[in-house]
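Asker: Have a peek at upload_6.cif (mmCIF, C-alpha atoms and all ligand atoms).
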```cif
data_entry
loop_
_atom_site.label_atom_id
_atom_site.label_comp_id
_atom_site.auth_asym_id
_atom_site.auth_seq_id
_atom_site.Cartn_x
_atom_site.Cartn_y
_atom_site.Cartn_z
CA MET A 1 12.10 129.72 150.13
CA SER A 2 10.00 128.47 153.03
CA ILE A 3 12.76 127.55 155.43
CA LYS A 4 13.79 129.37 158.59
CA THR A 5 16.75 131.67 158.02
CA ASN A 6 16.72 133.98 161.05
CA PHE A 7 19.04 132.59 163.69
CA GLU A 8 21.07 134.26 166.43
CA THR A 9 24.32 132.40 165.82
CA LEU A 10 24.07 131.52 162.12
CA THR A 11 23.22 133.11 158.84
CA PHE A 12 21.87 131.27 155.82
CA GLU A 13 21.76 132.96 152.42
CA VAL A 14 21.01 131.49 149.03
CA GLU A 15 22.10 133.05 145.77
CA ASN A 16 22.18 131.41 142.34
CA ASN A 17 21.25 128.01 143.83
CA ILE A 18 24.16 128.10 146.29
CA GLY A 19 23.40 128.23 150.00
CA VAL A 20 25.99 129.71 152.36
CA ILE A 21 25.80 128.72 156.03
CA THR A 22 27.93 131.07 158.15
CA VAL A 23 28.61 130.45 161.83
CA ASN A 24 28.29 133.98 163.14
CA ARG A 25 30.01 134.47 166.50
CA PRO A 26 33.17 136.28 165.43
CA GLU A 27 33.74 137.66 168.95
CA SER A 28 34.30 134.05 170.09
CA LEU A 29 36.04 132.99 166.87
CA ASN A 30 32.77 131.23 165.92
CA ALA A 31 33.09 128.71 168.75
CA LEU A 32 30.39 126.04 168.71
CA SER A 33 28.11 126.64 171.68
CA GLU A 34 25.09 124.48 172.37
CA GLN A 35 23.00 127.21 170.75
CA VAL A 36 25.04 127.05 167.52
CA HIS A 37 24.56 123.30 167.30
CA THR A 38 20.84 123.55 168.14
CA GLU A 39 20.28 126.20 165.46
CA LEU A 40 22.41 124.30 162.95
CA ASN A 41 20.34 121.19 163.66
CA VAL A 42 17.12 123.08 162.87
CA LEU A 43 18.59 124.56 159.69
CA LEU A 44 20.09 121.31 158.34
CA LYS A 45 16.88 119.35 159.00
CA ASP A 46 14.88 122.09 157.33
CA ILE A 47 17.13 122.04 154.27
CA MET A 48 16.85 118.24 154.09
CA LYS A 49 13.07 118.39 154.31
CA ASN A 50 12.64 121.06 151.65
CA ASN A 51 15.38 120.24 149.18
CA ALA A 52 14.25 116.92 147.68
CA ASP A 53 13.58 118.80 144.42
CA TYR A 54 16.71 121.00 144.82
CA SER A 55 14.52 124.10 145.17
CA VAL A 56 16.49 125.38 148.18
CA ALA A 57 20.02 124.84 146.82
CA LYS A 58 22.11 122.68 144.53
CA GLY A 59 25.26 123.21 146.54
CA LEU A 60 26.17 124.43 150.03
CA ILE A 61 29.10 126.19 151.64
CA LEU A 62 29.90 126.12 155.36
CA THR A 63 32.05 128.99 156.59
CA GLY A 64 32.71 131.27 159.58
CA ALA A 65 32.19 135.00 160.06
CA GLY A 66 35.09 137.43 160.36
CA ASP A 67 38.70 137.32 159.25
CA LYS A 68 40.28 135.21 161.95
CA ALA A 69 38.52 131.90 162.15
CA PHE A 70 36.39 129.31 160.43
CA ILE A 71 35.47 127.81 163.83
CA ALA A 72 37.91 127.75 166.78
CA GLY A 73 36.30 124.65 168.30
CA ALA A 74 33.56 123.76 170.72
CA ASP A 75 32.79 126.61 173.12
CA ILE A 76 35.28 126.06 175.94
CA LYS A 77 33.59 128.50 178.33
CA GLY A 78 30.26 126.69 177.90
CA MET A 79 31.90 123.33 178.62
CA THR A 80 33.33 124.39 181.99
CA THR A 81 29.95 123.91 183.71
CA MET A 82 28.79 120.76 181.90
CA SER A 83 28.21 117.49 183.73
CA ALA A 84 29.33 114.22 182.10
CA ALA A 85 25.74 113.66 180.95
CA ASP A 86 25.51 117.19 179.51
CA ALA A 87 28.82 116.68 177.71
CA GLU A 88 27.69 113.42 176.12
CA LYS A 89 24.47 115.08 174.99
CA PHE A 90 26.49 117.98 173.54
CA ALA A 91 28.80 115.55 171.69
CA ARG A 92 25.82 113.63 170.30
CA LEU A 93 24.17 116.83 169.05
CA GLY A 94 27.38 117.95 167.32
CA GLN A 95 27.82 114.48 165.86
CA GLU A 96 24.23 114.46 164.61
CA ASN A 97 25.00 117.68 162.72
CA THR A 98 28.07 116.09 161.14
CA LEU A 99 25.87 113.19 159.98
CA LEU A 100 23.30 115.64 158.60
CA PHE A 101 26.01 117.31 156.48
CA GLU A 102 26.88 113.86 155.14
CA SER A 103 23.22 113.06 154.42
CA LEU A 104 22.33 116.25 152.52
CA ASN A 105 21.49 115.59 148.88
CA VAL A 106 23.93 118.24 147.62
CA PRO A 107 27.69 118.75 147.88
CA VAL A 108 28.84 120.77 150.88
CA ILE A 109 32.18 122.56 150.73
CA ALA A 110 33.83 123.78 153.93
CA CYS A 111 35.50 127.12 153.21
CA VAL A 112 38.16 127.46 155.90
CA ASN A 113 39.78 130.82 156.56
CA GLY A 114 41.90 131.07 159.72
CA TYR A 115 41.46 128.67 162.64
CA ALA A 116 39.64 125.35 162.22
CA LEU A 117 40.51 123.79 165.56
CA GLY A 118 38.84 120.99 167.52
CA GLY A 119 35.13 121.08 166.70
CA GLY A 120 35.95 123.41 163.79
CA CYS A 121 38.20 120.85 162.14
CA GLU A 122 35.52 118.24 162.86
CA MET A 123 32.73 120.21 161.17
CA ALA A 124 34.98 120.88 158.16
CA MET A 125 35.76 117.16 157.86
CA ALA A 126 32.04 116.31 157.82
CA CYS A 127 31.62 118.39 154.67
CA ASP A 128 32.27 116.72 151.31
CA PHE A 129 35.62 118.45 150.98
CA ILE A 130 37.60 121.41 152.25
CA PHE A 131 38.75 124.48 150.37
CA ALA A 132 40.94 126.85 152.39
CA SER A 133 42.80 130.14 152.31
CA LYS A 134 46.53 130.44 153.03
CA THR A 135 45.80 131.52 156.63
CA ALA A 136 43.97 128.30 157.49
CA VAL A 137 45.19 126.45 160.58
CA PHE A 138 43.80 123.02 161.41
CA GLY A 139 44.21 120.87 164.51
CA GLN A 140 42.58 118.80 167.22
CA PRO A 141 43.96 120.50 170.35
CA GLU A 142 41.48 118.87 172.75
CA VAL A 143 44.14 117.00 174.76
CA LYS A 144 45.63 120.36 175.74
CA LEU A 145 42.34 121.01 177.58
CA GLY A 146 42.10 117.55 179.10
CA LEU A 147 39.51 116.57 176.50
CA LEU A 148 39.32 114.39 173.43
CA PRO A 149 37.62 115.16 170.11
CA GLY A 150 33.84 114.96 170.52
CA PHE A 151 32.29 115.83 167.17
CA GLY A 152 33.77 112.98 165.15
CA GLY A 153 37.48 113.88 164.98
CA SER A 154 38.61 110.59 166.50
CA GLN A 155 36.87 108.78 163.63
CA ARG A 156 37.00 111.00 160.53
CA LEU A 157 40.58 112.30 160.77
CA SER A 158 41.96 108.75 160.47
CA LYS A 159 39.82 108.10 157.42
CA LEU A 160 41.05 111.27 155.76
CA VAL A 161 44.76 111.28 156.54
CA GLY A 162 45.50 107.73 157.78
CA ARG A 163 45.44 106.37 161.31
CA ASN A 164 49.07 107.01 162.24
CA ARG A 165 49.11 110.65 161.12
CA ALA A 166 45.72 111.21 162.81
CA LYS A 167 47.01 109.79 166.10
CA GLU A 168 50.14 111.93 165.90
CA ILE A 169 48.02 115.08 165.31
CA ILE A 170 45.49 114.27 168.06
CA TYR A 171 48.03 113.17 170.72
CA SER A 172 50.22 116.25 170.16
CA GLY A 173 47.34 118.72 169.79
CA ARG A 174 49.59 120.65 167.41
CA ASN A 175 48.55 123.03 164.67
CA VAL A 176 48.53 121.85 161.05
CA LYS A 177 49.28 124.76 158.77
CA ILE A 178 48.05 125.08 155.23
CA ASP A 179 51.00 123.53 153.33
CA GLU A 180 50.86 120.40 155.45
CA ALA A 181 47.04 120.30 155.37
CA LYS A 182 47.21 120.26 151.57
CA GLU A 183 50.01 117.70 151.49
CA ILE A 184 48.20 115.20 153.75
CA GLY A 185 44.94 115.53 151.81
CA LEU A 186 42.91 117.40 154.41
CA VAL A 187 42.52 120.38 152.07
CA VAL A 188 41.70 120.00 148.38
CA THR A 189 42.36 123.52 147.04
CA VAL A 190 44.14 126.57 148.48
CA PHE A 191 43.20 130.19 147.73
CA GLU A 192 45.06 133.44 148.37
CA ASN A 193 42.53 134.99 150.79
CA LYS A 194 38.97 134.65 152.13
CA GLU A 195 37.34 136.57 149.29
CA GLU A 196 38.99 134.41 146.62
CA LEU A 197 38.14 131.32 148.67
CA LEU A 198 34.40 132.04 148.70
CA THR A 199 34.34 133.14 145.07
CA GLY A 200 36.34 130.05 144.09
CA ALA A 201 33.97 127.70 145.93
CA LYS A 202 30.93 129.33 144.31
CA THR A 203 32.49 129.09 140.85
CA TYR A 204 33.29 125.45 141.50
CA LEU A 205 29.72 124.66 142.61
CA THR A 206 28.24 126.55 139.66
CA ARG A 207 30.30 124.47 137.21
CA MET A 208 29.28 121.31 139.00
CA MET A 209 25.61 122.22 138.56
CA ALA A 210 25.83 121.39 134.85
CA ASN A 211 26.02 117.75 135.98
CA SER A 212 23.10 115.64 137.17
CA PRO A 213 22.26 116.57 140.79
CA LEU A 214 20.80 113.12 141.28
CA ALA A 215 23.94 111.38 140.03
CA ILE A 216 26.08 113.58 142.30
CA TYR A 217 23.87 112.76 145.27
CA GLU A 218 23.96 109.04 144.53
CA SER A 219 27.78 109.23 144.25
CA LYS A 220 27.91 111.02 147.61
CA ARG A 221 25.55 108.54 149.25
CA VAL A 222 27.35 105.47 147.97
CA MET A 223 30.81 106.85 148.85
CA ASN A 224 29.74 107.81 152.40
CA GLU A 225 27.98 104.50 152.93
CA GLY A 226 30.99 102.59 151.59
CA ASN A 227 33.26 104.35 154.06
CA ASP A 228 31.99 102.07 156.82
CA LEU A 229 31.88 98.86 154.76
CA THR A 230 34.25 96.26 153.37
CA VAL A 231 35.10 96.81 149.68
CA LYS A 232 32.92 93.79 148.84
CA ASP A 233 29.87 95.19 150.65
CA GLY A 234 30.57 98.65 149.25
CA LEU A 235 30.60 97.22 145.72
CA ASP A 236 27.18 95.73 146.39
CA VAL A 237 25.82 99.16 147.45
CA GLU A 238 27.38 100.66 144.30
CA ALA A 239 25.89 98.02 141.97
CA ARG A 240 22.40 98.54 143.40
CA ALA A 241 22.67 102.33 143.04
CA PHE A 242 24.05 101.94 139.50
CA GLY A 243 21.04 99.80 138.58
CA ASN A 244 18.54 102.15 140.26
CA ILE A 245 19.80 105.23 138.49
CA PHE A 246 18.76 103.66 135.16
CA ASN A 247 15.17 104.37 136.28
CA SER A 248 15.89 108.10 136.43
CA GLN A 249 15.10 110.80 133.89
CA ASP A 250 18.57 112.25 134.39
CA MET A 251 20.25 109.02 133.24
CA LYS A 252 18.05 108.88 130.13
CA GLU A 253 18.64 112.58 129.40
CA GLY A 254 22.42 112.44 129.98
CA THR A 255 23.05 109.46 127.73
CA LYS A 256 20.60 110.69 125.05
CA ALA A 257 22.22 114.15 125.01
CA PHE A 258 25.62 112.52 124.50
CA VAL A 259 24.35 110.53 121.53
CA GLU A 260 22.61 113.62 120.09
CA LYS A 261 25.77 115.69 120.62
CA ARG A 262 24.06 118.36 122.73
CA ALA A 263 24.28 119.63 126.30
CA PRO A 264 22.04 117.70 128.72
CA ASN A 265 19.22 119.35 130.65
CA PHE A 266 19.16 117.60 134.00
CA LEU A 267 16.13 117.81 136.32
CA GLY A 268 17.56 115.98 139.31
CA LYS A 269 15.09 113.11 139.11
N1 LIG B 301 35.60 128.56 172.91
C1 LIG B 301 35.18 129.71 173.47
N2 LIG B 301 35.75 130.90 173.22
C2 LIG B 301 36.78 130.92 172.35
C3 LIG B 301 37.26 129.76 171.71
C4 LIG B 301 36.61 128.53 172.03
N3 LIG B 301 36.95 127.37 171.45
N4 LIG B 301 38.30 130.10 170.92
C5 LIG B 301 38.46 131.42 171.05
N5 LIG B 301 37.55 131.92 171.90
C6 LIG B 301 37.37 133.32 172.33
C7 LIG B 301 38.47 133.75 173.29
O1 LIG B 301 38.16 133.34 174.61
C8 LIG B 301 38.44 135.25 173.11
O2 LIG B 301 37.34 135.76 173.80
P1 LIG B 301 37.56 136.95 174.91
O3 LIG B 301 38.09 138.09 174.10
O4 LIG B 301 36.20 137.17 175.46
O5 LIG B 301 38.55 136.43 175.88
C9 LIG B 301 38.13 135.41 171.64
O6 LIG B 301 37.55 134.17 171.21
C10 LIG B 301 39.39 135.65 170.79
O7 LIG B 301 40.30 134.60 171.05
P2 LIG B 301 41.82 134.85 171.50
O8 LIG B 301 41.98 136.15 172.21
O9 LIG B 301 42.30 133.62 172.22
O10 LIG B 301 42.53 134.96 170.06
P3 LIG B 301 44.04 134.63 169.71
O11 LIG B 301 44.25 135.13 168.33
O12 LIG B 301 44.96 135.06 170.76
O13 LIG B 301 44.11 133.00 169.68
C11 LIG B 301 43.33 130.80 169.14
C12 LIG B 301 43.36 132.29 168.74
C13 LIG B 301 44.74 130.20 169.01
C14 LIG B 301 42.38 130.08 168.18
C15 LIG B 301 42.83 130.67 170.60
O14 LIG B 301 41.64 131.43 170.75
C16 LIG B 301 42.54 129.27 171.02
O15 LIG B 301 43.46 128.53 171.31
N6 LIG B 301 41.25 128.88 171.07
C17 LIG B 301 40.84 127.58 171.53
C18 LIG B 301 41.08 126.50 170.47
C19 LIG B 301 40.71 125.14 171.01
O16 LIG B 301 41.29 124.65 171.96
N7 LIG B 301 39.72 124.49 170.37
C20 LIG B 301 39.24 123.19 170.77
C21 LIG B 301 38.06 123.33 171.71
S1 LIG B 301 37.58 121.81 172.44
C22 LIG B 301 36.63 121.03 171.27
O17 LIG B 301 36.47 121.49 170.15
C23 LIG B 301 36.02 119.74 171.72
C24 LIG B 301 35.30 118.96 170.70
O18 LIG B 301 35.86 118.39 169.80
C25 LIG B 301 33.87 118.78 170.82
#
```
Would you mind writing the file's structure down as structure tokens?
Ligand code: CAA
Answerer:
Amino acid sequence: MSIKTNFETLTFEVENNIGVITVNRPESLNALSEQVHTELNVLLKDIMKNNADYSVAKGLILTGAGDKAFIAGADIKGMTTMSAADAEKFARLGQENTLLFESLNVPVIACVNGYALGGGCEMAMACDFIFASKTAVFGQPEVKLGLLPGFGGSQRLSKLVGRNRAKEIIYSGRNVKIDEAKEIGLVVTVFENKEELLTGAKTYLTRMMANSPLAIYESKRVMNEGNDLTVKDGLDVEARAFGNIFNSQDMKEGTKAFVEKRAPNFLGK
């Protein structure tokens, strides 16, 4: 693998085609400093550049180091000295990283153990979906600090749980514990503890890899693009993608394998 993996605030490890990005500042509950976002930006762009042929990874996991937190938010200490211009720049960098997660050509699962507050909840929501352990606690507590969400929470939470529930959560700044997070659709699957969470996510991604990586990516792309469109315009994006995929080897292989009653061998192109 030719991509940079040595960072001060992150680790990136790939095993069996699954890349695990770990925010590694457990002493600060993995709070998102400017350095974390800068390093994450380098890593995500590097993965995008090198993974067109899926040689880096076919699936990714985003998680946090230690037992207490996924990510406890943007780094509050770092924000105390920011000017308005610095803060906008910081928000735009964090937002760019959320968009990079959405643009990656593979599924990204957020594995949330412990606190996913503020910027932590926002990074998790930028992943394709969230798996969590029973200790997970979500929330957008920014208003308690005199702030508002800055890495996409004011936009994505509404799309995930509905506008009224999102407003209630953001205005109150309250914690959303695991049972509620599952009930409102923020979390897809709950695991007993962190170890089972990571193993479960890896097993899930491994099973998914039997499917066409290209078809998964096209599904992801069309669904994310459609999120900002009317149903009519979204249907147009879908129809064009559906037509285009008939030019792919994976489509020919998948349908042929079905007819020949054998397992397909997908190449992702
Ligand atoms: N930024 C910087 N440091 C943080 C942090 C954060 N978001 N969250 C925790 N830490 C640090 C604490 O300061 C503490 O460090 P010290 O030992 O050096 O004091 C260490 O992590 C451990 O934290 P606690 O002692 O507070 O642990 P706890 O178990 O008592 O409480 C907690 C855990 C409830 C998560 C609490 O730490 C907390 O409330 N953290 C802040 C959560 C928050 O408000 N997040 C939103 C940030 S704003 C934001 O994210 C804006 C945006 O959208 C861009």
Asker: What does the distance from CA of Glu142 in chain A to CA of Glu96 in chain A come to in Å, to one decimal?
Answerer: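 Taking CA of Glu142 in chain A as the start and CA of Glu96 in chain A as the end point, the length is 19.6 Å.
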Asker: At what distance in Å, to one decimal, does CA of Phe7 in chain A lie from CA of Leu197 in chain A?
Answerer: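 Taking CA of Leu197 in chain A as the start and CA of Phe7 in chain A as the end point, the length is 24.3 Å.
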Asker: Please find the residues contacting ligand LIG 301 (chain B) at a distance of at most 6 Å between atoms, with all atoms listed in the file counted, and report them as number ranges by chain.
Answerer: A: 27-29, 31, 72-77, 115, 117-119, 141-142, 149-151
Asker: Excluding Phe138 in chain A and its own-chain neighbours fewer than 6 positions away, which residues fall within 10 Å of it when counting all atoms listed in the file? Please give them as an MDAnalysis selection string.
Answerer: chainID A and resid 70:72 112 114:118 120:122 124 169 174:178 180:181 186:187
Asker: May I ask for the distance between CA of Thr189 in chain A and CA of Ala65 in chain A, given in Å to one decimal place?
Answerer: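 A separation of 20.1 Å between them.
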Asker: Which polymer residues have any atom within 10 Å of an atom of Pro213 in chain A, counting only C-alpha atoms, with same-chain residues fewer than 5 positions away left out, as a ChimeraX atom specification?
Answerer: /A:53-54,58-59,105-107,208,218-219,250,266-269
Asker: Find the residue from A:Glu88, A:Met223, A:Thr206, A:Ser2 that sits nearest to Leu148 in chain A; use all atoms listed in the file when measuring.
Answerer: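 Among the listed residues, A:Glu88 lies closest to Leu148 in chain A.
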Asker: Pick the closest to Leu104 in chain A from A:Thr230, A:Gln35, A:Thr5, A:Asn50: which is it, counting all atoms listed in the file?
Answerer: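 Smallest separation from Leu104 in chain A among the options: A:Asn50.
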Asker: Quick one: residues within 10 Å of Asp46 in chain A, all atoms listed in the file counted, chain neighbours fewer than 3 positions away excluded, as an MDAnalysis selection string?
Answerer: chainID A and resid 2:5 40:43 49:51 56
Asker: With only C-alpha atoms as the basis for distance, which of A:Lys159, A:Lys194, A:Arg165, A:Lys232 is at the shortest distance from Gly139 in chain A?
Answerer: A:Arg165
Asker: Around the point (36.0, 127.4, 155.6) in the file's coordinates, collect all residues with an atom within 6 Å, using only C-alpha atoms, and return them as a ChimeraX atom specification.
Answerer: /A:63,70,110-113,132
Asker: For the residues in that selection, give me C-alpha atoms as a compact mmCIF listing (two decimals), keeping the file's coordinate frame.
Answerer:
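File produced: selection-v3.txt:
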```
# COMPACT_ATOMS: atom_id res chain seq x y z
CA THR A 63 32.05 128.99 156.59
CA PHE A 70 36.39 129.31 160.43
CA ALA A 110 33.83 123.78 153.93
CA CYS A 111 35.50 127.12 153.21
CA VAL A 112 38.16 127.46 155.90
CA ASN A 113 39.78 130.82 156.56
CA ALA A 132 40.94 126.85 152.39
```
Asker: Calculated over all atoms listed in the file, which of the candidates A:Lys220, A:Ala87, A:Lys144, A:Phe129 has the smallest distance to Gly185 in chain A?
Answerer: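 Residue with the minimum atom-to-atom distance to Gly185 in chain A: A:Phe129.
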Asker: With all atoms listed in the file as the atoms that count, which of A:Ala52, A:Leu205, A:Ile47, A:Ala215 lies nearest to Glu15 in chain A?
Answerer: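 When distances to Glu15 in chain A are compared using all atoms listed in the file, the smallest one comes from A:Leu205.
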Asker: Write range 35-52 of chain A as a PDB file, in the coordinates of the input, completed to N, CA, C and O atoms.
Answerer:
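So the final result, stored in selection.pdb, reads:
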```
ATOM      1  N   GLN A  35      23.972 126.484 171.586  1.00  0.00           N
ATOM      2  CA  GLN A  35      23.000 127.210 170.750  1.00  0.00           C
ATOM      3  C   GLN A  35      23.352 127.100 169.265  1.00  0.00           C
ATOM      4  O   GLN A  35      22.466 126.905 168.430  1.00  0.00           O
ATOM      5  N   VAL A  36      24.655 127.185 168.939  1.00  0.00           N
ATOM      6  CA  VAL A  36      25.040 127.050 167.520  1.00  0.00           C
ATOM      7  C   VAL A  36      24.597 125.686 167.008  1.00  0.00           C
ATOM      8  O   VAL A  36      23.966 125.571 165.948  1.00  0.00           O
ATOM      9  N   HIS A  37      24.909 124.651 167.776  1.00  0.00           N
ATOM     10  CA  HIS A  37      24.560 123.300 167.300  1.00  0.00           C
ATOM     11  C   HIS A  37      23.040 123.108 167.217  1.00  0.00           C
ATOM     12  O   HIS A  37      22.544 122.438 166.312  1.00  0.00           O
ATOM     13  N   THR A  38      22.305 123.691 168.172  1.00  0.00           N
ATOM     14  CA  THR A  38      20.840 123.550 168.140  1.00  0.00           C
ATOM     15  C   THR A  38      20.287 124.257 166.912  1.00  0.00           C
ATOM     16  O   THR A  38      19.432 123.711 166.192  1.00  0.00           O
ATOM     17  N   GLU A  39      20.785 125.457 166.631  1.00  0.00           N
ATOM     18  CA  GLU A  39      20.280 126.200 165.460  1.00  0.00           C
ATOM     19  C   GLU A  39      20.705 125.515 164.162  1.00  0.00           C
ATOM     20  O   GLU A  39      19.929 125.441 163.202  1.00  0.00           O
ATOM     21  N   LEU A  40      21.924 125.007 164.144  1.00  0.00           N
ATOM     22  CA  LEU A  40      22.410 124.300 162.950  1.00  0.00           C
ATOM     23  C   LEU A  40      21.559 123.055 162.689  1.00  0.00           C
ATOM     24  O   LEU A  40      21.228 122.730 161.538  1.00  0.00           O
ATOM     25  N   ASN A  41      21.174 122.381 163.766  1.00  0.00           N
ATOM     26  CA  ASN A  41      20.340 121.190 163.660  1.00  0.00           C
ATOM     27  C   ASN A  41      18.997 121.526 163.015  1.00  0.00           C
ATOM     28  O   ASN A  41      18.523 120.804 162.124  1.00  0.00           O
ATOM     29  N   VAL A  42      18.406 122.637 163.446  1.00  0.00           N
ATOM     30  CA  VAL A  42      17.120 123.080 162.870  1.00  0.00           C
ATOM     31  C   VAL A  42      17.315 123.382 161.385  1.00  0.00           C
ATOM     32  O   VAL A  42      16.548 122.925 160.524  1.00  0.00           O
ATOM     33  N   LEU A  43      18.357 124.151 161.080  1.00  0.00           N
ATOM     34  CA  LEU A  43      18.590 124.560 159.690  1.00  0.00           C
ATOM     35  C   LEU A  43      18.854 123.347 158.784  1.00  0.00           C
ATOM     36  O   LEU A  43      18.254 123.209 157.710  1.00  0.00           O
ATOM     37  N   LEU A  44      19.733 122.451 159.213  1.00  0.00           N
ATOM     38  CA  LEU A  44      20.090 121.310 158.340  1.00  0.00           C
ATOM     39  C   LEU A  44      18.881 120.399 158.113  1.00  0.00           C
ATOM     40  O   LEU A  44      18.655 119.921 156.992  1.00  0.00           O
ATOM     41  N   LYS A  45      18.082 120.194 159.161  1.00  0.00           N
ATOM     42  CA  LYS A  45      16.880 119.350 159.000  1.00  0.00           C
ATOM     43  C   LYS A  45      15.876 120.020 158.070  1.00  0.00           C
ATOM     44  O   LYS A  45      15.213 119.357 157.267  1.00  0.00           O
ATOM     45  N   ASP A  46      15.779 121.336 158.187  1.00  0.00           N
ATOM     46  CA  ASP A  46      14.880 122.090 157.330  1.00  0.00           C
ATOM     47  C   ASP A  46      15.327 122.021 155.863  1.00  0.00           C
ATOM     48  O   ASP A  46      14.506 121.836 154.954  1.00  0.00           O
ATOM     49  N   ILE A  47      16.618 122.134 155.645  1.00  0.00           N
ATOM     50  CA  ILE A  47      17.130 122.040 154.270  1.00  0.00           C
ATOM     51  C   ILE A  47      16.833 120.638 153.726  1.00  0.00           C
ATOM     52  O   ILE A  47      16.335 120.475 152.612  1.00  0.00           O
ATOM     53  N   MET A  48      17.098 119.621 154.550  1.00  0.00           N
ATOM     54  CA  MET A  48      16.850 118.240 154.090  1.00  0.00           C
ATOM     55  C   MET A  48      15.399 118.039 153.688  1.00  0.00           C
ATOM     56  O   MET A  48      15.093 117.431 152.672  1.00  0.00           O
ATOM     57  N   LYS A  49      14.511 118.585 154.532  1.00  0.00           N
ATOM     58  CA  LYS A  49      13.070 118.390 154.310  1.00  0.00           C
ATOM     59  C   LYS A  49      12.592 119.066 153.034  1.00  0.00           C
ATOM     60  O   LYS A  49      11.726 118.560 152.317  1.00  0.00           O
ATOM     61  N   ASN A  50      13.165 120.226 152.751  1.00  0.00           N
ATOM     62  CA  ASN A  50      12.640 121.060 151.650  1.00  0.00           C
ATOM     63  C   ASN A  50      13.441 120.970 150.359  1.00  0.00           C
ATOM     64  O   ASN A  50      13.100 121.630 149.377  1.00  0.00           O
ATOM     65  N   ASN A  51      14.505 120.176 150.354  1.00  0.00           N
ATOM     66  CA  ASN A  51      15.380 120.240 149.180  1.00  0.00           C
ATOM     67  C   ASN A  51      15.353 118.967 148.326  1.00  0.00           C
ATOM     68  O   ASN A  51      16.250 118.757 147.509  1.00  0.00           O
ATOM     69  N   ALA A  52      14.314 118.152 148.483  1.00  0.00           N
ATOM     70  CA  ALA A  52      14.250 116.920 147.680  1.00  0.00           C
ATOM     71  C   ALA A  52      14.253 117.255 146.190  1.00  0.00           C
ATOM     72  O   ALA A  52      14.815 116.522 145.374  1.00  0.00           O
TER      73      ALA A  52
END
```
